[in-house]
Structure formats: C-alpha cells, structure tokens
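Peer 1: Contents of entry_28.cif (mmCIF, C-alpha atoms) are below:
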```cif
data_my_file
loop_
_atom_site.label_atom_id
_atom_site.label_comp_id
_atom_site.auth_asym_id
_atom_site.auth_seq_id
_atom_site.Cartn_x
_atom_site.Cartn_y
_atom_site.Cartn_z
CA MET A 14 -4.57 -25.16 9.52
CA ALA A 15 -3.12 -28.59 8.96
CA ALA A 16 -3.34 -28.23 5.18
CA ALA A 17 -1.01 -25.26 5.37
CA GLN A 18 1.72 -27.47 6.77
CA GLN A 19 2.19 -29.57 3.65
CA ARG A 20 5.59 -28.61 2.34
CA PRO A 21 6.38 -28.78 -1.40
CA LYS A 22 7.90 -32.07 -2.49
CA THR A 23 10.96 -30.44 -4.07
CA PRO A 24 12.95 -27.28 -3.21
CA ALA A 25 12.62 -26.20 -6.85
CA ALA A 26 8.89 -25.69 -6.34
CA ASN A 27 9.16 -23.35 -3.35
CA MET A 28 9.41 -19.92 -5.04
CA ALA A 29 6.24 -17.88 -4.67
CA SER A 30 5.06 -14.46 -5.80
CA TRP A 31 4.23 -11.87 -3.15
CA ARG A 32 0.78 -11.66 -4.77
CA ASP A 33 -0.11 -15.33 -4.35
CA VAL A 34 2.00 -16.67 -1.47
CA ALA A 35 -0.04 -18.97 0.79
CA PRO A 36 0.40 -19.88 4.47
CA ALA A 37 2.68 -22.78 5.34
CA ALA A 38 4.45 -23.94 8.49
CA VAL A 39 7.37 -21.72 7.41
CA VAL A 40 7.26 -18.83 4.93
CA LEU A 41 10.43 -16.93 4.03
CA ILE A 42 10.16 -13.40 2.63
CA THR A 43 13.49 -12.03 1.43
CA GLY A 44 14.78 -9.00 -0.45
CA PRO A 45 15.26 -5.26 0.12
CA GLU A 46 11.93 -3.97 -1.29
CA GLU A 47 10.14 -3.16 1.97
CA TYR A 48 6.75 -2.45 0.43
CA LEU A 49 6.52 -5.82 -1.32
CA GLY A 50 7.67 -7.51 1.87
CA ILE A 51 4.87 -5.82 3.79
CA ARG A 52 2.32 -6.85 1.16
CA ALA A 53 3.51 -10.47 1.29
CA MET A 54 3.31 -10.59 5.09
CA ASP A 55 -0.13 -8.96 5.02
CA ARG A 56 -1.36 -11.55 2.53
CA VAL A 57 -0.22 -14.48 4.66
CA ARG A 58 -1.72 -12.90 7.81
CA THR A 59 -5.05 -12.25 6.10
CA GLN A 60 -5.31 -15.83 4.88
CA VAL A 61 -4.38 -17.26 8.26
CA ARG A 62 -7.02 -15.14 9.99
CA ALA A 63 -9.63 -16.13 7.41
CA ALA A 64 -8.96 -19.80 8.11
CA ALA A 65 -8.61 -19.37 11.88
CA PRO A 66 -10.23 -16.15 13.22
CA ASP A 67 -9.00 -16.85 16.74
CA VAL A 68 -5.35 -17.21 15.68
CA GLU A 69 -2.81 -15.96 18.19
CA VAL A 70 -0.40 -13.52 16.49
CA THR A 71 3.09 -12.93 17.91
CA ARG A 72 5.74 -10.58 16.51
CA LEU A 73 9.44 -11.02 17.21
CA THR A 74 12.56 -9.12 16.17
CA ALA A 75 15.49 -11.33 15.19
CA GLY A 76 18.12 -8.79 16.23
CA SER A 77 16.94 -8.54 19.87
CA TYR A 78 15.68 -12.10 20.14
CA GLU A 79 15.95 -13.95 23.47
CA ALA A 80 16.82 -17.65 23.46
CA GLY A 81 13.81 -19.94 23.80
CA ALA A 82 11.22 -17.37 22.69
CA LEU A 83 10.45 -19.13 19.41
CA ALA A 84 9.80 -22.51 21.03
CA MET A 85 7.61 -20.88 23.68
CA ASN A 86 5.49 -19.00 21.14
CA VAL A 87 4.92 -21.91 18.75
CA SER A 88 3.99 -24.35 21.50
CA PRO A 89 0.38 -25.61 21.28
CA SER A 90 -2.14 -23.57 23.25
CA LEU A 91 -4.25 -25.07 26.04
CA PHE A 92 -7.31 -23.81 24.18
CA GLY A 93 -6.20 -25.09 20.79
CA GLU A 94 -5.77 -21.74 19.01
CA SER A 95 -3.61 -21.62 15.93
CA LYS A 96 -0.37 -19.64 16.10
CA LEU A 97 1.07 -17.06 13.68
CA ILE A 98 4.60 -15.92 14.49
CA GLU A 99 6.05 -13.07 12.42
CA VAL A 100 9.77 -12.50 12.76
CA ASP A 101 11.26 -9.32 11.28
CA GLY A 102 14.84 -8.16 10.83
CA LEU A 103 16.50 -11.47 9.99
CA GLU A 104 19.28 -9.55 8.22
CA ALA A 105 20.41 -8.52 11.73
CA MET A 106 19.57 -11.77 13.56
CA ASN A 107 21.56 -12.67 16.65
CA ASP A 108 23.12 -16.06 17.26
CA ALA A 109 20.34 -17.12 19.62
CA PHE A 110 17.70 -16.72 16.95
CA LEU A 111 19.81 -18.49 14.33
CA ALA A 112 20.27 -21.49 16.61
CA ASP A 113 16.62 -21.69 17.68
CA ALA A 114 15.30 -21.26 14.14
CA LEU A 115 17.57 -23.98 12.75
CA THR A 116 16.40 -26.31 15.50
CA TYR A 117 12.75 -25.48 14.86
CA LEU A 118 12.99 -26.29 11.14
CA LYS A 119 13.73 -29.91 12.05
CA HIS A 120 10.38 -30.32 13.84
CA VAL A 121 7.78 -27.69 12.96
CA GLU A 122 4.50 -27.38 14.86
CA GLN A 123 1.39 -28.48 12.97
CA ASP A 124 -0.81 -25.60 14.12
CA ALA A 125 1.68 -22.77 13.67
CA VAL A 126 2.72 -20.56 10.78
CA LEU A 127 6.17 -18.98 11.06
CA VAL A 128 6.80 -16.03 8.71
CA LEU A 129 10.43 -14.91 8.42
CA ARG A 130 11.36 -11.50 6.92
CA HIS A 131 14.97 -11.04 5.73
CA GLY A 132 15.81 -7.66 4.18
CA GLY A 133 18.93 -8.79 2.32
CA GLY A 134 22.60 -9.39 2.93
CA THR A 135 24.58 -12.44 3.94
CA ARG A 136 23.75 -12.55 7.64
CA GLY A 137 21.85 -15.75 8.45
CA LYS A 138 22.58 -17.41 5.12
CA LYS A 139 22.68 -20.81 6.80
CA LEU A 140 19.08 -20.36 7.94
CA LEU A 141 17.90 -19.09 4.55
CA ASP A 142 19.52 -22.04 2.83
CA ALA A 143 17.88 -24.43 5.29
CA VAL A 144 14.43 -22.96 4.63
CA LYS A 145 14.89 -23.19 0.88
CA ALA A 146 16.31 -26.71 1.07
CA GLY A 147 13.28 -27.71 3.11
CA GLY A 148 11.00 -26.69 0.27
CA TRP A 149 9.12 -24.03 2.24
CA PRO A 150 7.61 -21.10 0.30
CA THR A 151 10.09 -18.30 -0.43
CA VAL A 152 9.16 -14.86 -1.71
CA ASP A 153 11.88 -12.71 -3.28
CA CYS A 154 11.05 -8.99 -2.94
CA GLN A 155 13.39 -7.11 -5.25
CA PRO A 156 13.02 -3.41 -6.19
CA LEU A 157 11.10 -2.70 -9.38
CA LYS A 158 13.69 -0.68 -11.29
CA LYS A 159 12.56 -0.93 -14.91
CA ASP A 160 9.57 0.93 -16.30
CA ALA A 161 8.30 -2.37 -17.69
CA GLU A 162 8.24 -3.83 -14.17
CA LYS A 163 6.39 -0.81 -12.80
CA THR A 164 3.83 -0.78 -15.59
CA ALA A 165 3.25 -4.50 -14.99
CA PHE A 166 2.75 -3.73 -11.27
CA VAL A 167 0.15 -1.03 -12.01
CA THR A 168 -1.66 -3.25 -14.51
CA ALA A 169 -1.80 -6.09 -11.99
CA GLU A 170 -3.12 -3.79 -9.23
CA PHE A 171 -6.05 -2.73 -11.42
CA LYS A 172 -6.66 -6.28 -12.63
CA ALA A 173 -6.80 -7.53 -9.04
CA ALA A 174 -9.39 -4.86 -8.28
CA ALA A 175 -11.35 -5.75 -11.45
CA ARG A 176 -10.94 -2.19 -12.73
CA ARG A 177 -9.81 -0.94 -16.15
CA ILE A 178 -6.96 1.44 -16.92
CA THR A 179 -5.72 2.43 -20.38
CA PRO A 180 -2.10 1.72 -21.36
CA GLU A 181 -1.44 5.46 -21.71
CA ALA A 182 -2.77 6.03 -18.19
CA VAL A 183 -0.52 3.28 -16.84
CA GLN A 184 2.55 4.95 -18.33
CA SER A 185 1.42 8.40 -17.15
CA LEU A 186 1.01 7.07 -13.61
CA VAL A 187 4.46 5.44 -13.65
CA ASN A 188 5.97 8.67 -14.97
CA ALA A 189 4.26 10.69 -12.25
CA VAL A 190 4.81 8.60 -9.11
CA GLY A 191 6.93 5.65 -10.16
CA ALA A 192 10.04 6.65 -8.20
CA ASN A 193 8.62 5.14 -4.99
CA LEU A 194 6.73 1.84 -5.08
CA SER A 195 4.60 2.52 -2.01
CA GLU A 196 3.52 5.87 -3.50
CA LEU A 197 2.75 4.17 -6.80
CA ALA A 198 0.61 1.59 -5.01
CA ALA A 199 -1.17 4.31 -3.04
CA ALA A 200 -1.90 6.18 -6.27
CA CYS A 201 -3.37 3.00 -7.77
CA SER A 202 -5.59 2.53 -4.71
CA GLN A 203 -6.76 6.14 -4.88
CA LEU A 204 -7.66 5.93 -8.56
CA ILE A 205 -9.37 2.55 -8.11
CA ALA A 206 -11.47 3.99 -5.29
CA ASP A 207 -12.40 7.23 -7.05
CA ALA A 208 -12.88 6.29 -10.70
CA SER A 209 -16.39 5.33 -11.81
CA THR A 210 -15.20 4.38 -15.30
CA ALA A 211 -11.94 3.21 -16.86
CA VAL A 212 -8.99 5.33 -15.70
CA ASP A 213 -7.45 7.27 -18.57
CA ALA A 214 -4.43 9.54 -18.96
CA ASP A 215 -6.50 12.69 -18.39
CA MET A 216 -7.63 11.46 -14.99
CA VAL A 217 -4.08 10.56 -14.01
CA ASP A 218 -2.97 14.02 -15.08
CA ARG A 219 -5.70 15.68 -12.98
CA TYR A 220 -4.60 13.76 -9.90
CA TYR A 221 -0.82 13.65 -10.32
CA GLY A 222 0.12 15.98 -13.17
CA GLY A 223 1.77 18.43 -10.78
CA ARG A 224 4.40 15.95 -9.67
CA VAL A 225 7.99 16.68 -10.70
CA GLU A 226 8.27 13.38 -12.54
CA ALA A 227 5.10 14.08 -14.52
CA THR A 228 6.27 17.58 -15.39
CA ALA A 229 9.61 16.18 -16.57
CA PHE A 230 7.90 13.87 -19.03
CA LYS A 231 5.61 16.67 -20.24
CA VAL A 232 8.75 18.64 -21.13
CA ALA A 233 10.26 15.59 -22.82
CA ASP A 234 7.08 14.78 -24.76
CA ALA A 235 6.83 18.34 -26.11
CA ALA A 236 10.51 18.43 -27.09
CA MET A 237 10.32 15.02 -28.79
CA ALA A 238 7.27 16.21 -30.72
CA GLY A 239 9.26 19.19 -32.02
CA ASN A 240 7.19 21.69 -30.03
CA GLY A 241 10.00 23.86 -28.68
CA PRO A 242 7.87 26.75 -27.32
CA VAL A 243 5.66 24.45 -25.22
CA ALA A 244 8.67 22.43 -24.03
CA LEU A 245 10.56 25.54 -22.96
CA SER A 246 7.58 27.19 -21.26
CA THR A 247 6.79 23.99 -19.33
CA LEU A 248 10.45 23.63 -18.42
CA ARG A 249 10.75 27.21 -17.17
CA HIS A 250 7.59 26.91 -15.12
CA ALA A 251 8.88 23.69 -13.54
CA LEU A 252 12.25 25.26 -12.71
CA ALA A 253 10.57 28.42 -11.34
CA THR A 254 8.54 26.28 -8.93
CA GLY A 255 11.62 24.51 -7.60
CA ALA A 256 11.98 21.45 -9.84
CA ASP A 257 15.41 19.82 -9.89
CA PRO A 258 17.05 19.86 -13.37
CA VAL A 259 18.37 16.30 -12.90
CA PRO A 260 15.04 14.42 -13.36
CA LEU A 261 14.17 16.77 -16.22
CA VAL A 262 17.29 15.69 -18.11
CA ALA A 263 16.67 12.07 -17.11
CA ALA A 264 13.23 12.20 -18.75
CA LEU A 265 14.75 13.54 -21.98
CA ALA A 266 17.37 10.80 -21.93
CA ALA A 267 14.75 8.08 -21.32
CA LYS A 268 12.65 9.21 -24.28
CA LEU A 269 15.65 9.39 -26.59
CA ARG A 270 16.90 5.95 -25.51
CA THR A 271 13.52 4.44 -26.31
CA VAL A 272 13.45 5.99 -29.79
CA ALA A 273 17.05 4.93 -30.44
CA LYS A 274 16.36 1.32 -29.40
CA VAL A 275 13.25 1.05 -31.53
CA ALA A 276 14.91 2.76 -34.51
CA GLY A 277 17.53 0.02 -34.65
CA ALA A 278 15.12 -2.89 -34.16
CA LYS A 279 13.35 -4.93 -36.81
CA GLY A 280 10.06 -6.80 -36.64
CA SER A 281 6.52 -6.12 -35.50
CA ALA A 282 5.75 -3.99 -32.45
CA ALA A 283 5.04 -7.17 -30.45
CA GLN A 284 8.31 -8.78 -31.54
CA ILE A 285 10.33 -5.66 -30.75
CA ALA A 286 8.58 -5.27 -27.39
CA LYS A 287 9.49 -8.83 -26.42
CA GLN A 288 13.06 -8.37 -27.61
CA LEU A 289 13.57 -5.07 -25.73
CA GLY A 290 11.44 -5.85 -22.67
CA MET A 291 9.04 -2.98 -23.38
CA GLN A 292 5.28 -2.58 -23.54
CA PRO A 293 3.97 -3.06 -27.15
CA TRP A 294 2.05 0.23 -27.11
CA LEU A 295 5.21 2.06 -26.03
CA VAL A 296 7.06 0.52 -28.99
CA GLU A 297 4.27 1.64 -31.32
CA GLN A 298 4.53 5.18 -29.93
CA ALA A 299 8.30 5.17 -30.44
CA GLN A 300 7.86 3.87 -33.99
CA ARG A 301 5.66 6.87 -34.74
CA ASP A 302 8.26 9.18 -33.21
CA VAL A 303 11.09 7.62 -35.22
CA ARG A 304 9.55 8.81 -38.48
CA ARG A 305 10.27 12.46 -37.69
CA TRP A 306 13.93 11.85 -36.81
CA THR A 307 17.02 11.63 -38.94
CA PRO A 308 19.90 9.46 -37.68
CA GLU A 309 22.05 12.60 -37.42
CA GLY A 310 19.40 14.49 -35.46
CA LEU A 311 18.90 11.60 -33.06
CA ALA A 312 22.66 11.24 -32.50
CA ARG A 313 23.03 14.99 -31.93
CA SER A 314 20.14 14.98 -29.43
CA ILE A 315 21.58 12.06 -27.49
CA GLN A 316 24.97 13.78 -27.33
CA VAL A 317 23.57 17.12 -26.13
CA THR A 318 21.46 15.34 -23.50
CA ALA A 319 24.50 13.44 -22.22
CA GLU A 320 26.36 16.75 -21.96
CA ALA A 321 23.42 18.33 -20.13
CA ASP A 322 23.31 15.38 -17.73
CA ALA A 323 26.95 15.97 -16.78
CA GLN A 324 26.40 19.71 -16.46
CA VAL A 325 23.36 19.49 -14.17
CA LYS A 326 25.29 17.08 -11.95
CA GLY A 327 28.02 19.58 -11.20
CA LEU A 328 30.09 20.30 -14.28
CA SER A 329 28.36 23.60 -15.03
CA ARG A 330 27.64 26.72 -13.03
CA ASP A 331 24.46 27.25 -15.05
CA PRO A 332 22.50 23.95 -15.11
CA VAL A 333 19.33 25.75 -16.19
CA TYR A 334 20.95 26.86 -19.45
CA ALA A 335 22.20 23.29 -20.01
CA VAL A 336 18.66 21.90 -19.84
CA GLU A 337 17.19 24.68 -21.98
CA HIS A 338 19.88 24.12 -24.60
CA ALA A 339 19.19 20.39 -24.70
CA VAL A 340 15.43 20.97 -25.05
CA THR A 341 16.00 23.48 -27.88
CA VAL A 342 18.32 21.11 -29.79
CA ILE A 343 15.97 18.13 -29.37
CA ALA A 344 12.91 20.07 -30.50
CA ALA A 345 14.80 21.37 -33.57
CA ALA A 346 16.11 17.90 -34.42
CA ALA A 347 12.59 16.47 -34.16
CA ARG A 348 11.51 18.98 -36.80
CA GLY A 349 14.35 17.84 -39.07
CA ARG A 350 16.55 20.86 -38.48
#
```
Render the structure in this file as structure tokens.
Peer 2:
Amino acid sequence: MAAAQQRPKTPAANMASWRDVAPAAVVLITGPEEYLGIRAMDRVRTQVRAAAPDVEVTRLTAGSYEAGALAMNVSPSLFGESKLIEVDGLEAMNDAFLADALTYLKHVEQDAVLVLRHGGGTRGKKLLDAVKAGGWPTVDCQPLKKDAEKTAFVTAEFKAAARRITPEAVQSLVNAVGANLSELAAACSQLIADASTAVDADMVDRYYGGRVEATAFKVADAAMAGNGPVALSTLRHALATGADPVPLVAALAAKLRTVAKVAGAKGSAAQIAKQLGMQPWLVEQAQRDVRRWTPEGLARSIQVTAEADAQVKGLSRDPVYAVEHAVTVIAAAARGR
C-alpha cells in the first residue's frame, strides 16, 4: 500500500468527494451528515481490502481512547500485514488522543491507513488543521438541504449503478423520501435492484406514493394545476390517515416559491436554472405553470399560504381549515379567479 502514502504536494489539493476519496496514510472525514460519513469510510475500507485482502482492521473511539493505543495499532506487524485504523468520534476526543494523533502525523507508518471521523464542532481543531496543513485527503460531509443537492445525489446514485431514471422520477423520489438521506439512498438502491427498465415517475409512485411527503406534493400539484376538487379530496384523505398539516403547507409553499422565482427571471430555461440553482426541467415545468397565473393571484396565494403556515404551527385552533382554505384559494387563483 505504499502508493497510498503519497501525500498531495499542496494543502489546496487535499479536498476529496465522499464518492471518490482514495486511501492515504491519513484520511480525514468531517461534517455532521452521518450517512455520507459512513459511505466515505466504507469506500476507503473497500479499496484498502481490495489492495490488501489480509489487512488488519482496528476501530478506536476518540472519546474513550487510551494513551499509546494508536502507536501500538499502527506498528508494523511481524507477518507484514497492512493496517487500517478507523477512529470515530473525534468531535469528543480526549486529550490523550489529541496528543498521540498530533505526534503520529509527524511520522506516519508506510503500511498503515488512518481514517479519522469528526462529526463537527470545534473540539480537536488543532488536529484537523494539522491534517489539512499536511495535505492529507479531507472529505467534508455536510447535510444535503436543497432539493437541487438531493436530485443531484439521486442522479449520481443511478449513474454509478449504470441505470437510467427520468428527471420526473428523480423529483418524485426526492419529494417522497428526501427528508432523510439514508432513506433516500435506500430507496435508490431498491429501485436500482428491482427495475428492469428505466425508472419513471409511475414506478416511484407505486413504491413510495403513500409517503406523507409524496402525498403533500400530490396535493400541491393538484392545487397549482387549478384542480380544487382533486386537491381537496387528496388533502382530506391524507389528514384522515394521520398526515401532519405542516408538511402539506410546506409543499404548497415550495411550489409557489418556485413559480414566483421563475416568473421574475429572464433567459432560457438553462440560464434561469443556473442562476437559481435549479434543475432545468423543473424550470421548464414552472414556466408552464406561470402562464396560468396572474401576478395578483400568485401574490394572494403566497400570502394565504404564509398565513396557513403560521396557523398550522400553533396560531389557530383549526389547522385543518387553514390548509383547506389555502388549497381552495390557490386552486382558484390558478384558474384565474
């Protein structure tokens, strides 16, 4: 594994993606997104084992670390096996680990890979800075908060598996299970395993259409299309089966924000998408929706949705009525009334 020990020549070249991080004498994985951290550690471990099937794997916890354990575990084996040491919980590291790790960075072992996982915070900043200054690979695992980030994640999962998924199916999947990244990844894996052809929106709906998030966007889509009866019946069914009004209103607000952003933008769909950080097909969809809206109707819908948001979060004793009223106003406004 000697090739893995070549550190980058400059600290500026040490940032790596969790998808393509490679083994090195030291690999730092930071950030609060646990799922991406797990994926990054799994990738390094898989590559190490592929290069050295007899690798000796040791796992340590930085918070309960005992002085000297790192040096003992990275020391060359009598039988010449490579070493992989995975250290978790650096955000709660004790002083003993900090001291030993800083010492180790000065003279790393040639046949060892040390993977450090820091979940965020300022604890151990001196060590993190030393790793980065040394030019070792660093993976930053931040939560995927924007829909654009989640759709990019889904697209990349299918691309990595050499499988096709339509843009509409990507958005449907994000709408259905995008609240939790590990669930979103599991859904991708399930669809990749089961689909014999390209995954489309209908297949996503068959698998995940019953999720609260998916139902919320079905209500929003019907209301935005001016189909009040369908929007209200879907809404009432969702509420009758225990759906929380909050994500229902959030879906309405998200749809309206998209239309409002696109309505005020100029240029081609590709130009607007780049400017707003959105998928081009989503911009095209919003451009079609804009045609049925008047500025007054859009403003009125945004206002009533904001009022409904406050009411479902505690300002009203009847949150169900607040959502129904918002859906009715939006559907009417979409029909030009």
Peer 1: With distances taken over only C-alpha atoms, which residue among A:Val183, A:Ala199, A:Ile178, A:Ile42 lies nearest A:His131?
Peer 2: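 Closest to A:His131 of all the choices is A:Ile42.
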Peer 1: Taking into account all atoms listed in the file, which residue in the set A:Val275, A:Ala143, A:Val187, A:Leu194 is nearest to A:Tyr48?
Peer 2: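 Among the listed residues, the smallest separation from A:Tyr48 belongs to A:Leu194.
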Peer 1: Here's the selection I'm unsure about, the PyMOL selection byres ((chain A and resi 166) around 12); applied to the file above, which residues does it give, as a ChimeraX atom specification?
Peer 2: /A:31-32,49,156-165,167-173,183-184,186-187,191,194-195,197-198,201
Peer 1: Evaluate the PyMOL selection byres ((chain A and resi 289-299) around 10) and record the selected residues as a VMD selection string, following the chain and residue labels used in the document.
Peer 2: chain A and resid 159 to 162 164 to 165 180 to 181 184 268 to 276 278 281 to 288 300 to 304
Peer 1: If you measure from atom CA of A:Gln123 to atom CA of A:Val39, what distance in Å do you get, rounded to one decimal?
Peer 2: 10.6 Å
Peer 1: Return as a VMD selection string the set of residues that the PyMOL selection byres ((chain A and resi 226-243) around 7) yields on the displayed structure.
Peer 2: chain A and resid 188 to 190 222 to 225 244 to 248 251 260 to 261 264 to 265 268 340 to 341 343 to 345 347 to 348
Peer 1: Report as a ChimeraX atom specification all protein, DNA and RNA residues lying within 7 Å of A:Val152, evaluated on all atoms listed in the file, omitting residues in the same chain fewer than 4 positions from it.
Peer 2: /A:28-31,41-43
Peer 1: So, counting all atoms listed in the file, which residue among A:Asp142, A:Asp213, A:Asp207, A:Glu79 is closest to A:Asp108?
Peer 2: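 When distances to A:Asp108 are compared using all atoms listed in the file, the smallest one comes from A:Glu79.
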Peer 1: So which residues touch A:Ala323 within 12 Å, counting all atoms listed in the file, skipping near sequence neighbours fewer than 5 positions away, as a list in words?
Peer 2: Pro258, Val259, Val262, Ala263, Gln316, Val317, Thr318, Leu328, Ser329, Arg330, Asp331, Pro332, Ala335, Val336 and Ala339 of chain A
Peer 1: May I have the selected residues written with C-alpha atoms, as a JSON list (two decimals), keeping the file's coordinate frame?
Peer 2:
```
[["chain", "number", "residue", "atom", "x", "y", "z"],
["A", 258, "PRO", "CA", 17.05, 19.86, -13.37],
["A", 259, "VAL", "CA", 18.37, 16.30, -12.90],
["A", 262, "VAL", "CA", 17.29, 15.69, -18.11],
["A", 263, "ALA", "CA", 16.67, 12.07, -17.11],
["A", 316, "GLN", "CA", 24.97, 13.78, -27.33],
["A", 317, "VAL", "CA", 23.57, 17.12, -26.13],
["A", 318, "THR", "CA", 21.46, 15.34, -23.50],
["A", 328, "LEU", "CA", 30.09, 20.30, -14.28],
["A", 329, "SER", "CA", 28.36, 23.60, -15.03],
["A", 330, "ARG", "CA", 27.64, 26.72, -13.03],
["A", 331, "ASP", "CA", 24.46, 27.25, -15.05],
["A", 332, "PRO", "CA", 22.50, 23.95, -15.11],
["A", 335, "ALA", "CA", 22.20, 23.29, -20.01],
["A", 336, "VAL", "CA", 18.66, 21.90, -19.84],
["A", 339, "ALA", "CA", 19.19, 20.39, -24.70]]
```
Peer 1: So, with all atoms listed in the file as the atoms that count, which of A:Val144, A:Leu111, A:Gly81, A:Val128 lies closest to A:Asp55?
Peer 2: A:Val128
Peer 1: Residues of stretch 124-241 of chain A within 12 Å of stretch 62-67 of chain A: nearest atom pair and distance (Å, one decimal) for each, counting all atoms listed in the file, sorted by chain and number, as JSON lines?
Peer 2:
```
{"residue": "A:Asp124", "atom": "CA", "partner": "A:Ala65", "partner_atom": "CA", "distance": 10.2}
{"residue": "A:Ala125", "atom": "CA", "partner": "A:Ala65", "partner_atom": "CA", "distance": 11.0}
{"residue": "A:Val126", "atom": "CA", "partner": "A:Arg62", "partner_atom": "CA", "distance": 11.2}
```
Peer 1: Using all atoms listed in the file, pick whichever of A:Leu252, A:Gly327, A:Gln60, A:Leu311 has the shortest atom-to-atom distance to A:Gly277.
Peer 2: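 Between A:Leu252, A:Gly327, A:Gln60, A:Leu311, the residue approaching A:Gly277 most closely is A:Leu311.
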Peer 1: Compile the contact shell of A:Thr179 as JSON, numbers by chain: residues with an atom at most 8 Å away, counting all atoms listed in the file, same-chain residues fewer than 5 positions apart removed.
Peer 2: {"A": [211, 212, 213, 214]}
Peer 1: Identify the residues within 12 Å of coordinate (19.8, -9.7, 0.8) (same frame as the file), considering all atoms listed in the file, and give the answer as an NGL selection string.
Peer 2: :A and (42-47 or 102-105 or 130-138 or 141 or 153-156)
Peer 1: From the list A:Ile98, A:Val61, A:Ile51, A:Ala182, which residue is nearest A:Leu73 when using only C-alpha atoms?
Peer 2: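 That would be A:Ile98, the residue with the smallest distance to A:Leu73.
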Peer 1: Using atom CA of A:Glu69 and atom CA of A:Met54 as the two end points, give the distance in Å to one decimal.
Peer 2: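 Atom CA of A:Met54 lies at a distance of 15.4 Å from atom CA of A:Glu69.
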Peer 1: Do you have the atom CA of A:Val121-atom CA of A:Thr71 distance handy?
Peer 2: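 Taking atom CA of A:Val121 and atom CA of A:Thr71, their separation equals 16.3 Å.
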